[in-house]
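A.B. asks: This structure is in structure tokens; I'll ask about it shortly.
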Amino acid sequence: MTKEERLQKLKDRAKALRGFENEYREAGHRIIAGVDEVGRGPLAGPVVTACVILPEDYEGLGIDDSKKLSEKKREELYSEIMENAICYGFGLCDNNVIDKVNILEATKLAMKQAVQAAEESLIKNGKGERIDLVLVDAVTIPGIETKQISMIKGDANSISIAAASILAKVKRDRMMREYADIYPGYDFASNKGYGTAAHYAGIKERGLTPIHRRTFLKNIEDK
């Protein structure tokens with residue numbers, strides 16, 4: 001594939017991802033936010049969410065579902081999205097909250113936080129506007145008055161949700177690399193808290209850390 005062909009492929013993908021947002025803008029929505037989460041499955045660490053509002057004319061070359069991108073590409077796009085977004089916000093629920101309310105409810109709480117943070121940023125910027133539509137991947141966020149649309153595989157079909165998935169993924173990965181220094185022996189820098197062989201070996205040798213989700217590890221006793 002030539003350089004020109006690769007560029008055209010990126011442009012075609014970006015155009016396809018903007019389709020949902022364009023459709024809703026034609027229906028009268030102006031400030032559209034995308035929301036996604038990262039970290040529902042790991043044995044350790046928080047669930048992290050992001051909410052992002054992109055400019056209508058933002059092309060977004062390279063943006064896609066964060067799971068389809070390399071770590072290097074995600075880092076590049078993270079900076080680009082942060083620089084070009086109208087506003088963004090993050091949410092987080094740690095392992096203690098996850099153990100208390102369950103992972104699905106913790107995810108919804110973190111999504112609500114992210115939407116509120118993004119809207120506060122929007123208002124603070126003096127635009128006098130509020131989010132009027134939230135596109136969210138797979139779930140419905142309780143406790144927000146803004147109209148929302150839950151989209152199955154939203155991170156693969158909406159540029160706003162895909163951008164949010166990148167922000168949340170990079171944010172959480174950076175946190176897990178920091179935890180790797182605090183809690184060595186679990187390979188958090190590589191596995192990001194997921195249940196790899198190295199992670200289970202670390203648990204067997206060292207026991208559970210303060211960031212482990214006890215409800216995900218009911219058959220393992222603390223040392």
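Each chain in the structure tokens gets a letter, A, B and so on, in the order shown; residues start at 1 in every chain, and ligands are counted from 1 in the order they appear.
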Please run DSSP on the backbone and report, as an MDAnalysis selection string, all residues within region 15-101 of chain A that come out as alpha helix (DSSP H).

C.D. replies: chainID A and resid 15:17 19:26 71:84 95:101

A.B. asks: Could the residues in this selection be saved with N, CA and C atoms as a compact mmCIF listing (two decimals), in the first residue's frame?

C.D. replies:
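Saved the output as out_7.txt:
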```
# COMPACT_ATOMS: atom_id res chain seq x y z
N LYS A 15 -14.08 9.68 8.04
CA LYS A 15 -15.37 10.12 7.53
C LYS A 15 -16.49 9.21 8.01
N ALA A 16 -16.23 7.91 7.99
CA ALA A 16 -17.23 6.95 8.46
C ALA A 16 -17.53 7.15 9.94
N LEU A 17 -16.50 7.40 10.74
CA LEU A 17 -16.68 7.58 12.17
C LEU A 17 -17.45 8.86 12.48
N GLY A 19 -19.94 9.92 10.85
CA GLY A 19 -21.29 9.78 10.32
C GLY A 19 -22.39 9.96 11.35
N PHE A 20 -22.23 9.32 12.52
CA PHE A 20 -23.26 9.43 13.56
C PHE A 20 -23.39 10.87 14.04
N GLU A 21 -22.24 11.52 14.31
CA GLU A 21 -22.27 12.90 14.77
C GLU A 21 -22.92 13.81 13.74
N ASN A 22 -22.60 13.62 12.48
CA ASN A 22 -23.20 14.43 11.43
C ASN A 22 -24.72 14.24 11.36
N GLU A 23 -25.12 13.00 11.54
CA GLU A 23 -26.56 12.69 11.52
C GLU A 23 -27.29 13.42 12.64
N TYR A 24 -26.70 13.40 13.84
CA TYR A 24 -27.36 14.06 14.98
C TYR A 24 -27.29 15.58 14.87
N ARG A 25 -26.23 16.10 14.26
CA ARG A 25 -26.17 17.56 14.05
C ARG A 25 -27.26 18.00 13.07
N GLU A 26 -27.49 17.19 12.06
CA GLU A 26 -28.55 17.51 11.11
C GLU A 26 -29.92 17.49 11.78
N GLU A 71 0.10 1.19 21.37
CA GLU A 71 0.31 2.10 22.49
C GLU A 71 0.93 3.41 22.03
N LYS A 72 1.88 3.33 21.12
CA LYS A 72 2.53 4.53 20.59
C LYS A 72 1.51 5.42 19.89
N LYS A 73 0.64 4.83 19.08
CA LYS A 73 -0.36 5.61 18.35
C LYS A 73 -1.37 6.23 19.30
N ARG A 74 -1.75 5.47 20.33
CA ARG A 74 -2.70 6.03 21.31
C ARG A 74 -2.11 7.25 22.00
N GLU A 75 -0.82 7.17 22.36
CA GLU A 75 -0.17 8.30 23.01
C GLU A 75 -0.15 9.53 22.10
N GLU A 76 0.13 9.30 20.83
CA GLU A 76 0.14 10.41 19.86
C GLU A 76 -1.24 11.05 19.75
N LEU A 77 -2.26 10.20 19.62
CA LEU A 77 -3.61 10.70 19.45
C LEU A 77 -4.14 11.35 20.73
N TYR A 78 -3.71 10.85 21.88
CA TYR A 78 -4.10 11.43 23.16
C TYR A 78 -3.76 12.92 23.18
N SER A 79 -2.52 13.23 22.83
CA SER A 79 -2.08 14.63 22.82
C SER A 79 -2.86 15.45 21.79
N GLU A 80 -3.08 14.87 20.62
CA GLU A 80 -3.79 15.58 19.56
C GLU A 80 -5.23 15.86 19.94
N ILE A 81 -5.89 14.86 20.53
CA ILE A 81 -7.29 15.03 20.94
C ILE A 81 -7.40 16.09 22.02
N MET A 82 -6.50 16.04 23.00
CA MET A 82 -6.52 17.02 24.09
C MET A 82 -6.34 18.44 23.55
N GLU A 83 -5.49 18.59 22.54
CA GLU A 83 -5.21 19.91 21.98
C GLU A 83 -6.38 20.43 21.14
N ASN A 84 -7.10 19.54 20.48
CA ASN A 84 -8.14 19.97 19.53
C ASN A 84 -9.55 19.92 20.09
N ASN A 95 -10.74 0.61 43.08
CA ASN A 95 -11.11 -0.77 43.39
C ASN A 95 -12.04 -0.85 44.60
N ASN A 96 -11.92 0.09 45.53
CA ASN A 96 -12.79 0.06 46.71
C ASN A 96 -14.24 0.32 46.34
N VAL A 97 -14.44 1.28 45.45
CA VAL A 97 -15.79 1.57 44.98
C VAL A 97 -16.32 0.40 44.16
N ILE A 98 -15.47 -0.15 43.31
CA ILE A 98 -15.86 -1.31 42.49
C ILE A 98 -16.31 -2.47 43.37
N ASP A 99 -15.55 -2.74 44.44
CA ASP A 99 -15.90 -3.83 45.35
C ASP A 99 -17.19 -3.55 46.11
N LYS A 100 -17.47 -2.28 46.33
CA LYS A 100 -18.66 -1.91 47.10
C LYS A 100 -19.93 -1.96 46.27
N VAL A 101 -19.88 -1.46 45.04
CA VAL A 101 -21.13 -1.31 44.27
C VAL A 101 -21.21 -2.22 43.05
```

A.B. asks: When you look at Ala85 (chain A) with a cut-off of 8 Å (counting only C-alpha atoms), what residues show up, excluding the ones that are within fewer than 4 positions of it in the same chain? I need them as a ChimeraX atom specification.

C.D. replies: /A:52-55,81

A.B. asks: Expressed in Å to a single decimal, how great is the separation between CA of Tyr88 (chain A) and CA of Cys51 (chain A)?

C.D. replies: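 Separation of CA of Tyr88 (chain A) and CA of Cys51 (chain A): 5.4 Å.
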
A.B. asks: Which residues come within 12 Å of Arg6 (chain A), counting only C-alpha atoms, excluding same-chain residues fewer than 6 positions away, as a PyMOL selection string?

C.D. replies: chain A and resi 12-13+61-62

A.B. asks: Need to verify the contact set: Gly41 (chain A), 9 Å, only C-alpha atoms, exclusion of same-chain residues closer than 3 positions in sequence. Can you return it as a ChimeraX atom specification?

C.D. replies: /A:38,44,47,103,193-195

A.B. asks: Write a file of the just-selected residues containing all heavy atoms, as a CSV table (one decimal), in the first residue's frame.

C.D. replies:
```csv
chain,number,residue,atom,x,y,z
A,38,VAL,N,-12.6,2.5,30.3
A,38,VAL,CA,-11.5,1.5,30.2
A,38,VAL,C,-11.3,0.9,31.5
A,38,VAL,O,-11.3,1.6,32.5
A,38,VAL,CB,-10.2,2.1,29.6
A,38,VAL,CG1,-9.1,1.1,29.7
A,38,VAL,CG2,-10.4,2.6,28.2
A,44,ALA,N,-7.1,-5.6,39.0
A,44,ALA,CA,-6.5,-4.5,39.9
A,44,ALA,C,-6.6,-3.1,39.2
A,44,ALA,O,-6.7,-3.1,38.0
A,44,ALA,CB,-5.0,-4.8,40.2
A,47,VAL,N,-11.5,1.7,37.3
A,47,VAL,CA,-12.1,1.9,36.0
A,47,VAL,C,-12.1,3.4,35.7
A,47,VAL,O,-12.3,4.2,36.6
A,47,VAL,CB,-13.6,1.4,36.0
A,47,VAL,CG1,-14.4,2.1,37.1
A,47,VAL,CG2,-14.2,1.5,34.6
A,103,ILE,N,-18.8,-3.6,39.4
A,103,ILE,CA,-18.1,-3.0,38.3
A,103,ILE,C,-19.0,-2.2,37.4
A,103,ILE,O,-18.6,-1.1,36.9
A,103,ILE,CB,-17.2,-4.0,37.5
A,103,ILE,CG1,-16.4,-3.2,36.5
A,103,ILE,CG2,-18.0,-5.1,36.9
A,103,ILE,CD1,-15.4,-2.2,37.0
A,193,GLY,N,-3.0,-4.6,35.0
A,193,GLY,CA,-4.0,-5.1,36.0
A,193,GLY,C,-4.8,-6.3,35.5
A,193,GLY,O,-5.5,-6.9,36.3
A,194,TYR,N,-4.7,-6.7,34.2
A,194,TYR,CA,-5.4,-7.8,33.7
A,194,TYR,C,-4.8,-9.1,34.2
A,194,TYR,O,-3.6,-9.2,34.7
A,194,TYR,CB,-5.5,-7.8,32.2
A,194,TYR,CG,-6.5,-6.8,31.7
A,194,TYR,CD1,-6.1,-5.5,31.4
A,194,TYR,CD2,-7.8,-7.2,31.4
A,194,TYR,CE1,-7.0,-4.6,31.0
A,194,TYR,CE2,-8.7,-6.2,30.9
A,194,TYR,CZ,-8.3,-4.9,30.7
A,194,TYR,OH,-9.2,-4.0,30.2
A,195,GLY,N,-5.5,-10.2,34.2
A,195,GLY,CA,-5.1,-11.5,34.8
A,195,GLY,C,-4.2,-12.3,34.0
A,195,GLY,O,-4.5,-13.4,33.5
```

A.B. asks: Let's see if you can do this: from backbone DSSP, list all strand (DSSP E or B) residues in region 87-195 of chain A, as a PyMOL selection string.

C.D. replies: chain A and resi 87-93+133-137+148-151
